[in-house]
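Q: Dropping in final_32.txt, with compact mmCIF, C-alpha atoms.
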```txt
# COMPACT_ATOMS: atom_id res chain seq x y z
CA MET H 79 -68.03 65.89 -8.99
CA SER H 80 -68.93 69.56 -9.35
CA LEU H 81 -69.67 71.80 -6.39
CA PHE H 82 -73.32 71.85 -7.43
CA THR H 83 -73.82 68.07 -7.38
CA PHE H 84 -71.73 67.86 -4.21
CA PHE H 85 -74.18 70.06 -2.31
CA LYS H 86 -77.22 68.65 -4.04
CA SER H 87 -76.42 65.04 -3.21
CA ARG H 88 -76.05 65.74 0.52
CA SER H 89 -79.62 66.83 0.96
CA SER H 90 -81.77 63.82 0.14
CA ALA H 91 -84.39 64.35 2.85
CA PRO H 92 -86.49 66.85 0.82
CA VAL H 93 -86.60 64.33 -2.03
CA ALA H 94 -87.75 61.62 0.40
CA ARG H 95 -90.42 63.93 1.77
CA GLU H 96 -91.78 64.82 -1.66
CA ARG H 97 -91.78 61.22 -2.89
CA LEU H 98 -93.66 60.10 0.21
CA GLN H 99 -96.24 62.86 -0.04
CA ILE H 100 -97.04 61.96 -3.64
CA LEU H 101 -97.06 58.22 -3.00
CA LEU H 102 -99.21 58.37 0.13
CA ALA H 103 -101.73 60.78 -1.39
CA HIS H 104 -102.20 58.10 -4.02
CA GLU H 105 -102.20 55.09 -1.67
CA ARG H 106 -104.63 56.65 0.78
CA THR H 107 -107.20 56.91 -2.01
CA ALA H 108 -106.45 53.37 -3.21
CA VAL H 109 -106.54 51.43 0.06
CA GLY H 110 -108.02 53.90 2.54
CA PRO H 111 -110.81 52.72 4.79
CA ARG H 112 -113.51 54.95 3.36
CA ASP H 113 -112.12 55.75 -0.04
CA LEU H 114 -113.79 59.17 -0.11
CA VAL H 115 -111.89 60.46 -3.13
CA ALA H 116 -112.84 57.43 -5.25
CA ILE H 117 -116.52 57.84 -4.35
CA LEU H 118 -116.41 61.55 -5.19
CA ARG H 119 -114.66 60.82 -8.46
CA ASP H 120 -117.31 58.27 -9.48
CA GLU H 121 -120.20 60.57 -8.67
CA LEU H 122 -118.57 63.56 -10.37
CA LEU H 123 -118.05 61.46 -13.49
CA LYS H 124 -121.71 60.47 -13.58
CA THR H 125 -122.89 64.02 -13.01
CA ILE H 126 -120.66 65.46 -15.73
CA ALA H 127 -121.51 62.62 -18.13
CA ARG H 128 -125.19 63.58 -17.99
CA HIS H 129 -124.31 66.87 -19.68
CA ILE H 130 -120.99 66.52 -21.44
CA GLU H 131 -119.22 63.56 -22.97
CA ILE H 132 -115.76 63.29 -21.41
CA ASP H 133 -112.91 60.81 -21.28
CA PRO H 134 -113.01 59.30 -17.74
CA GLU H 135 -109.22 59.34 -17.62
CA LYS H 136 -109.22 63.13 -18.03
CA LEU H 137 -110.89 63.62 -14.64
CA THR H 138 -108.50 63.77 -11.70
CA VAL H 139 -109.63 64.23 -8.12
CA THR H 140 -107.03 64.75 -5.40
CA MET H 141 -107.28 65.45 -1.72
CA ASP H 142 -104.41 67.24 0.00
CA ARG H 143 -103.98 67.29 3.74
CA ALA H 144 -102.07 70.17 5.31
CA GLY H 145 -102.44 70.98 8.98
CA ALA H 146 -106.08 71.51 9.96
CA PHE H 147 -107.42 71.76 6.40
CA SER H 148 -107.83 69.48 3.44
CA THR H 149 -108.24 70.78 -0.10
CA LEU H 150 -110.18 68.93 -2.75
CA GLU H 151 -108.87 69.52 -6.24
CA ILE H 152 -110.98 68.55 -9.26
CA ASP H 153 -109.42 68.76 -12.68
CA VAL H 154 -111.51 67.95 -15.75
CA GLU H 155 -110.25 68.18 -19.28
CA ILE H 156 -113.02 68.71 -21.85
CA PRO H 157 -112.52 68.95 -25.64
CA VAL H 158 -113.77 72.31 -27.03
CA ASP H 159 -116.22 70.75 -29.52
CA LYS H 160 -117.92 68.78 -26.71
CA VAL H 161 -118.52 71.99 -24.78
CA GLU H 162 -120.12 73.61 -27.83
CA GLU H 163 -122.23 70.53 -28.43
CA ALA H 164 -123.37 70.48 -24.82
CA THR H 165 -124.28 74.19 -24.78
CA ARG H 166 -126.29 73.77 -27.97
CA ASN H 167 -128.17 70.78 -26.58
CA SER H 168 -128.96 72.42 -23.27
CA ALA H 169 -130.11 75.59 -25.06
CA LEU H 170 -132.72 73.76 -27.14
CA PRO H 171 -135.29 72.75 -24.50
CA SER H 172 -135.29 76.12 -22.75
CA ALA H 173 -135.87 77.87 -26.08
CA ALA H 174 -138.88 75.73 -26.78
CA MET R 212 -108.77 52.70 34.85
CA CYS R 213 -106.57 50.45 32.76
CA LYS R 214 -105.18 51.57 29.40
CA VAL R 215 -104.52 48.95 26.75
CA ILE R 216 -101.96 50.33 24.29
CA VAL R 217 -100.73 48.62 21.11
CA VAL R 218 -97.16 49.28 19.98
CA THR R 219 -97.19 48.83 16.22
CA SER R 220 -95.43 49.89 13.01
CA GLY R 221 -96.11 47.68 10.01
CA LYS R 222 -92.42 47.49 9.16
CA GLY R 223 -90.12 45.16 11.06
CA GLY R 224 -86.93 46.19 12.82
CA VAL R 225 -87.97 49.75 13.64
CA GLY R 226 -87.91 49.22 17.41
CA LYS R 227 -91.34 47.96 18.51
CA THR R 228 -90.02 45.41 20.99
CA THR R 229 -87.26 47.69 22.31
CA SER R 230 -89.79 50.49 22.74
CA THR R 231 -92.36 48.23 24.42
CA ALA R 232 -89.74 47.02 26.90
CA SER R 233 -88.29 50.48 27.56
CA LEU R 234 -91.65 52.26 27.91
CA GLY R 235 -93.02 49.40 30.02
CA ALA R 236 -90.00 49.58 32.32
CA ALA R 237 -90.17 53.40 32.54
CA LEU R 238 -93.88 53.30 33.42
CA ALA R 239 -93.31 50.59 36.03
CA GLN R 240 -90.38 52.53 37.52
CA ASN R 241 -92.86 55.40 37.86
CA GLY R 242 -95.08 53.20 40.01
CA GLN R 243 -97.62 52.10 37.39
CA LYS R 244 -98.63 48.46 37.41
CA VAL R 245 -97.61 47.37 33.92
CA CYS R 246 -97.97 44.22 31.83
CA VAL R 247 -96.12 43.93 28.50
CA VAL R 248 -97.66 41.34 26.18
CA ASP R 249 -95.81 39.71 23.28
CA PHE R 250 -98.12 39.07 20.29
CA ASP R 251 -95.37 37.76 18.03
CA VAL R 252 -96.24 34.06 18.12
CA GLY R 253 -93.38 31.92 16.84
CA LEU R 254 -90.90 34.82 16.88
CA ARG R 255 -91.05 36.00 20.45
CA ASN R 256 -88.35 38.38 21.63
CA LEU R 257 -89.79 40.56 24.34
CA ASP R 258 -88.71 37.94 26.91
CA LEU R 259 -85.12 38.17 25.64
CA VAL R 260 -85.00 41.99 25.64
CA LEU R 261 -86.31 41.94 29.22
CA GLY R 262 -83.84 39.25 30.31
CA ALA R 263 -86.62 36.81 31.20
CA GLU R 264 -86.05 34.20 28.47
CA ARG R 265 -85.26 31.41 30.90
CA ARG R 266 -88.28 32.04 33.09
CA VAL R 267 -91.05 31.38 30.53
CA VAL R 268 -93.10 28.36 31.57
CA TYR R 269 -96.60 29.16 30.35
CA ASP R 270 -97.37 31.62 27.58
CA PHE R 271 -100.15 33.73 26.05
CA ILE R 272 -101.53 30.84 24.00
CA ASN R 273 -101.70 28.53 27.02
CA VAL R 274 -103.80 31.17 28.80
CA ALA R 275 -105.91 32.03 25.74
CA GLN R 276 -106.77 28.35 25.25
CA GLY R 277 -107.51 27.80 28.93
CA ASP R 278 -104.59 25.43 29.56
CA ALA R 279 -103.04 27.74 32.17
CA LYS R 280 -104.24 30.49 34.47
CA LEU R 281 -103.14 34.06 33.76
CA ALA R 282 -101.37 34.24 37.14
CA GLN R 283 -99.27 31.18 36.23
CA ALA R 284 -98.12 32.71 32.95
CA LEU R 285 -97.30 36.22 34.15
CA ILE R 286 -93.58 36.73 34.76
CA ARG R 287 -92.72 39.41 37.29
CA ASP R 288 -89.56 41.41 36.60
CA LYS R 289 -86.85 40.84 39.18
CA ARG R 290 -85.66 44.47 39.16
CA VAL R 291 -88.92 46.44 38.98
CA GLU R 292 -91.64 44.54 40.76
CA THR R 293 -94.59 46.35 39.13
CA LEU R 294 -93.46 45.18 35.67
CA HIS R 295 -94.91 41.92 34.31
CA LEU R 296 -94.47 40.01 31.08
CA LEU R 297 -96.88 37.74 29.24
CA ALA R 298 -94.69 35.91 26.72
CA ALA R 299 -95.74 34.67 23.29
CA SER R 300 -95.46 31.02 22.38
CA GLN R 301 -92.28 30.15 20.52
CA THR R 302 -93.33 26.73 19.26
CA ARG R 303 -96.98 27.16 18.36
CA ASP R 304 -98.51 28.19 15.09
CA LYS R 305 -99.72 31.77 14.57
CA ASP R 306 -103.30 30.57 14.13
CA ALA R 307 -103.33 29.15 17.65
CA LEU R 308 -104.45 32.58 18.94
CA SER R 309 -108.20 33.03 18.58
CA MET R 310 -109.99 36.35 18.64
CA GLU R 311 -112.16 35.23 21.56
CA GLY R 312 -109.13 33.98 23.50
CA VAL R 313 -107.30 37.28 23.04
CA GLU R 314 -110.36 39.27 24.06
CA ARG R 315 -110.77 37.23 27.25
CA VAL R 316 -107.08 37.54 28.25
CA ILE R 317 -107.04 41.31 27.56
CA GLY R 318 -110.21 41.60 29.65
CA GLU R 319 -108.52 39.78 32.53
CA LEU R 320 -105.39 41.94 32.24
CA ARG R 321 -107.55 45.08 32.39
CA ARG R 322 -108.72 44.07 35.85
CA SER R 323 -105.20 43.65 37.27
CA PHE R 324 -103.06 46.37 35.62
CA ASP R 325 -102.88 50.13 35.09
CA VAL R 326 -101.23 49.80 31.68
CA VAL R 327 -101.11 46.89 29.22
CA LEU R 328 -98.61 47.32 26.37
CA CYS R 329 -99.22 44.99 23.40
CA ASP R 330 -96.07 44.40 21.34
CA SER R 331 -97.33 43.81 17.79
CA PRO R 332 -95.62 41.56 15.26
CA ALA R 333 -94.48 43.22 12.03
CA GLY R 334 -96.72 43.11 8.98
CA ILE R 335 -100.45 43.64 8.54
CA GLU R 336 -101.51 40.01 8.93
CA ARG R 337 -103.58 38.29 11.58
CA GLY R 338 -101.07 38.70 14.44
CA ALA R 339 -100.75 42.45 13.92
CA LEU R 340 -104.53 42.84 13.62
CA LEU R 341 -105.10 40.83 16.83
CA ALA R 342 -102.55 42.96 18.71
CA MET R 343 -104.42 46.18 17.81
CA ARG R 344 -107.93 44.73 17.93
CA PHE R 345 -108.81 45.42 21.60
CA ALA R 346 -106.52 48.39 22.24
CA ASP R 347 -107.73 51.74 23.58
CA GLN R 348 -104.90 53.66 21.95
CA ALA R 349 -101.85 53.10 19.76
CA ILE R 350 -98.17 53.98 19.61
CA VAL R 351 -96.93 54.00 16.01
CA VAL R 352 -93.16 53.37 15.99
CA THR R 353 -91.51 54.95 12.94
CA ASN R 354 -87.95 55.44 11.71
CA PRO R 355 -87.19 58.61 9.71
CA GLU R 356 -86.90 56.56 6.55
CA VAL R 357 -89.23 56.28 3.53
CA SER R 358 -90.27 52.63 3.82
CA SER R 359 -91.01 52.93 7.53
CA VAL R 360 -93.11 56.07 7.04
CA ARG R 361 -95.09 54.44 4.24
CA ASP R 362 -95.81 51.35 6.35
CA SER R 363 -96.80 53.50 9.32
CA ASP R 364 -99.31 55.30 7.13
CA ARG R 365 -100.81 51.95 6.21
CA ILE R 366 -100.98 50.88 9.87
CA ILE R 367 -102.71 54.16 10.80
CA GLY R 368 -105.35 53.32 8.19
CA LEU R 369 -105.84 49.88 9.76
CA LEU R 370 -106.04 51.32 13.29
CA ASP R 371 -108.86 53.55 12.03
CA SER R 372 -110.78 50.69 10.44
CA LYS R 373 -109.94 47.23 11.85
CA THR R 374 -109.97 47.84 15.62
CA LYS R 375 -112.92 47.30 17.90
CA ARG R 376 -112.97 51.00 18.79
CA ALA R 377 -113.07 51.99 15.11
CA GLU R 378 -115.87 49.53 14.42
CA ASN R 379 -117.87 50.99 17.31
CA GLY R 380 -117.43 54.44 15.79
CA GLU R 381 -115.10 55.57 18.58
CA ARG R 382 -111.89 57.53 18.03
CA MET R 383 -108.65 55.58 18.17
CA GLU R 384 -105.96 57.74 19.73
CA LYS R 385 -102.65 57.35 17.88
CA GLN R 386 -99.26 58.77 18.83
CA LEU R 387 -95.99 58.73 16.94
CA LEU R 388 -92.77 57.47 18.48
CA LEU R 389 -89.91 58.44 16.19
CA THR R 390 -87.02 56.04 16.84
CA ARG R 391 -83.43 55.75 15.60
CA PHE R 392 -83.41 59.48 15.01
CA ASN R 393 -80.03 60.97 14.16
CA PRO R 394 -80.15 64.75 14.78
CA THR R 395 -76.85 65.40 12.99
CA ARG R 396 -77.85 63.68 9.78
CA SER R 397 -81.32 65.20 9.90
CA SER R 398 -79.93 68.72 10.29
CA LYS R 399 -77.73 68.14 7.25
CA GLY R 400 -80.77 67.13 5.21
CA GLU R 401 -79.60 63.52 4.93
CA MET R 402 -82.46 62.16 6.99
CA LEU R 403 -86.16 63.06 7.14
CA GLY R 404 -86.75 65.60 9.89
CA VAL R 405 -89.23 65.38 12.76
CA SER R 406 -91.57 67.88 11.10
CA ASP R 407 -91.38 66.01 7.77
CA VAL R 408 -92.62 62.79 9.37
CA LEU R 409 -95.25 64.60 11.46
CA ASP R 410 -96.59 66.49 8.43
CA ILE R 411 -96.86 63.31 6.41
CA LEU R 412 -98.45 61.09 9.06
CA SER R 413 -100.53 63.82 10.79
CA ILE R 414 -100.62 62.21 14.23
CA PRO R 415 -99.34 63.77 17.49
CA LEU R 416 -95.78 63.13 18.63
CA LEU R 417 -95.20 60.97 21.71
CA GLY R 418 -91.44 61.22 21.64
CA ILE R 419 -88.18 61.19 19.71
CA ILE R 420 -85.72 58.44 20.58
CA PRO R 421 -82.24 59.30 19.33
CA GLU R 422 -80.02 56.63 17.86
CA ASP R 423 -77.98 55.48 20.85
CA GLN R 424 -75.31 52.78 21.29
CA GLU R 425 -76.81 52.01 24.69
CA ILE R 426 -79.88 50.43 23.04
CA LEU R 427 -77.90 47.56 21.55
CA ARG R 428 -75.96 47.16 24.78
CA ALA R 429 -79.24 47.04 26.69
CA SER R 430 -80.68 44.24 24.58
CA ASN R 431 -77.36 42.36 24.78
CA LEU R 432 -77.69 42.44 28.55
CA GLY R 433 -81.44 41.89 28.75
CA ALA R 434 -82.05 45.15 30.61
CA PRO R 435 -84.11 47.96 28.99
CA VAL R 436 -82.15 51.25 28.77
CA THR R 437 -84.31 52.87 31.41
CA MET R 438 -83.00 50.27 33.88
CA GLY R 439 -79.50 49.38 32.68
CA ALA R 440 -78.36 52.72 31.26
CA SER R 441 -80.63 55.23 32.95
CA ALA R 442 -78.31 58.19 32.24
CA SER R 443 -78.26 57.65 28.46
CA THR R 444 -80.08 60.01 26.09
CA ALA R 445 -82.31 57.15 24.88
CA ALA R 446 -83.34 56.32 28.46
CA GLN R 447 -84.22 59.97 29.11
CA ALA R 448 -86.23 60.07 25.87
CA TYR R 449 -88.15 56.90 26.81
CA ARG R 450 -88.82 58.22 30.33
CA ASP R 451 -90.22 61.47 28.87
CA ALA R 452 -92.35 59.53 26.37
CA ALA R 453 -93.72 57.38 29.21
CA ARG R 454 -94.73 60.51 31.14
CA ARG R 455 -96.48 61.93 28.07
CA LEU R 456 -98.25 58.61 27.62
CA MET R 457 -99.74 59.08 31.08
CA GLY R 458 -101.03 62.50 30.04
CA GLU R 459 -98.31 64.83 31.34
CA PRO R 460 -98.05 67.87 29.05
CA LEU R 461 -94.28 67.60 28.67
CA PRO R 462 -92.94 69.43 25.59
CA VAL R 463 -90.91 67.40 23.08
CA ALA R 464 -87.45 68.81 22.47
CA ALA R 465 -85.68 67.75 19.30
CA PRO R 466 -82.40 66.20 20.45
CA ASP R 467 -79.20 68.20 20.03
CA GLU R 468 -80.61 70.97 17.91
CA LYS R 469 -78.04 73.49 19.07
CA LYS R 470 -75.17 71.65 17.44
CA THR R 471 -76.66 71.74 13.98
CA PHE R 472 -74.92 74.83 12.60
CA PHE R 473 -71.55 73.60 13.77
CA ASN R 474 -72.16 70.12 12.40
CA ARG R 475 -73.26 71.50 9.09
CA LEU R 476 -70.12 73.58 8.82
CA PHE R 477 -67.66 70.83 9.59
CA GLY R 478 -69.70 67.82 8.55
CA ARG R 479 -69.79 69.02 4.96
CA ARG R 480 -66.15 69.88 4.81
CA ALA R 481 -65.16 66.48 6.13
CA ALA R 482 -67.29 64.60 3.64
```
Could you write out this file's structure as structure tokens?
A:
Amino acid sequence: MSLFTFFKSRSSAPVARERLQILLAHERTAVGPRDLVAILRDELLKTIARHIEIDPEKLTVTMDRAGAFSTLEIDVEIPVDKVEEATRNSALPSAA
Amino acid sequence: MCKVIVVTSGKGGVGKTTSTASLGAALAQNGQKVCVVDFDVGLRNLDLVLGAERRVVYDFINVAQGDAKLAQALIRDKRVETLHLLAASQTRDKDALSMEGVERVIGELRRSFDVVLCDSPAGIERGALLAMRFADQAIVVTNPEVSSVRDSDRIIGLLDSKTKRAENGERMEKQLLLTRFNPTRSSKGEMLGVSDVLDILSIPLLGIIPEDQEILRASNLGAPVTMGASASTAAQAYRDAARRLMGEPLPVAAPDEKKTFFNRLFGRRAA
């Protein structure tokens, strides 16, 4: 065992902490009493879908809790051609 | 005014019964009129930890079903006279406890005691939900260990949704009791630290109970640490937690923090 792995293996608490934070962020949205993130995700999907065609799996919504504040992170992946298509379509009625 | 407090955790074996007995004894030693109630039907143990296992005649289910009066079922502790026990039934089925029966018994207890501590069974089934159902506040018992923290998170979610208070739109006060804490291992990064668990669960800290040989000795003898081993570090920690529970603004000191540098130095070399 090298010196590096010797020291690394002693400190398992940070790993435990990180695993729990990731797991619980996920579980709170899955089984939480009010499932706020899931509701937001659904409504965001509908809103975006009215204007741009996206793959539902490419929309991730996460809520992070740290001290007195929570941050809502919305990440949407949109293919370039869909953006161009959507801009063209939305430009038409206003030009008319 | 009486406080009904559920002691819960989700996970088994983290110290719910030990903590209920020790906090109950500490509160009673402080002059509060206390009743500890065992909700673990079929697997009762609070009687054993309190050394009252041979004195159970009537139990919670007898009272809930109207077969016995509350006064007949309450067992008064022989050492601290303000401490009472309402034992669970050992022979009956879990479904023998009805929601209405529990509500009526808790209502009766409220009229006679300052503090009622409800010792929840493990799990998130009916028994655990009944134990928290009529509580005013909750103590979440957690070990600094991943599975315990995860289960506590789940229980906190249930406290915020399945209790009467939550359903009435009232706030359910929840406090964390971190048990089996080993300051040496935590300082070496081998065990989750106090701040790790607090950050993850985001509820206020009621107390830190260090791992202590006296706890096992106490349950062997049927005397909670605050009675049988009152000088031990665990007994002191439970006494402090009991005072905080009654609203005293007593700061929580992490046990043995001063030793950490020394332990780190020699602990690593020895390993």
Q: Rank nothing, just name the residue among R:Asp451, R:Asp270, R:Asp407, R:Asp347 nearest to Cys329 in chain R, using only C-alpha atoms.
A: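 Closest to Cys329 in chain R, using only C-alpha atoms: R:Asp347.
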Q: Show which residues sit within 7 Å of range 87-102 of chain H, as a PyMOL selection string. Count all atoms listed in the file, and ignore same-chain residues fewer than 6 positions away.
A: chain R and resi 357+399-403+407+411
Q: Taking all atoms listed in the file into account and nothing else, which residues of chain R lie no more than 12 Å away from chain H? Please answer as a PyMOL selection string.
A: chain R and resi 355-374+377-378+396-415+475+478-480+482
Q: Which residue gives the smallest distance to Glu135 in chain H among H:Val154, H:Val161, H:Ser148, H:Leu122, with only C-alpha atoms counted?
A: H:Val154
Q: Just how far from CA of Glu151 in chain H is CA of Arg166 in chain H, in Å to one decimal?
A: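 Atom-to-atom, CA of Arg166 in chain H to CA of Glu151 in chain H, that is 28.2 Å.
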Q: Tell me, in Å to one decimal, how far CA of Ile426 in chain R is from CA of Ala445 in chain R.
A: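 Those two atoms sit 7.4 Å apart.
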Q: Which is closer to Ile152 in chain H than all the others in H:Val115, H:Thr140, H:Glu131, H:Leu123, using all atoms listed in the file?
A: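 Nearest candidate to Ile152 in chain H out of H:Val115, H:Thr140, H:Glu131, H:Leu123: H:Thr140.
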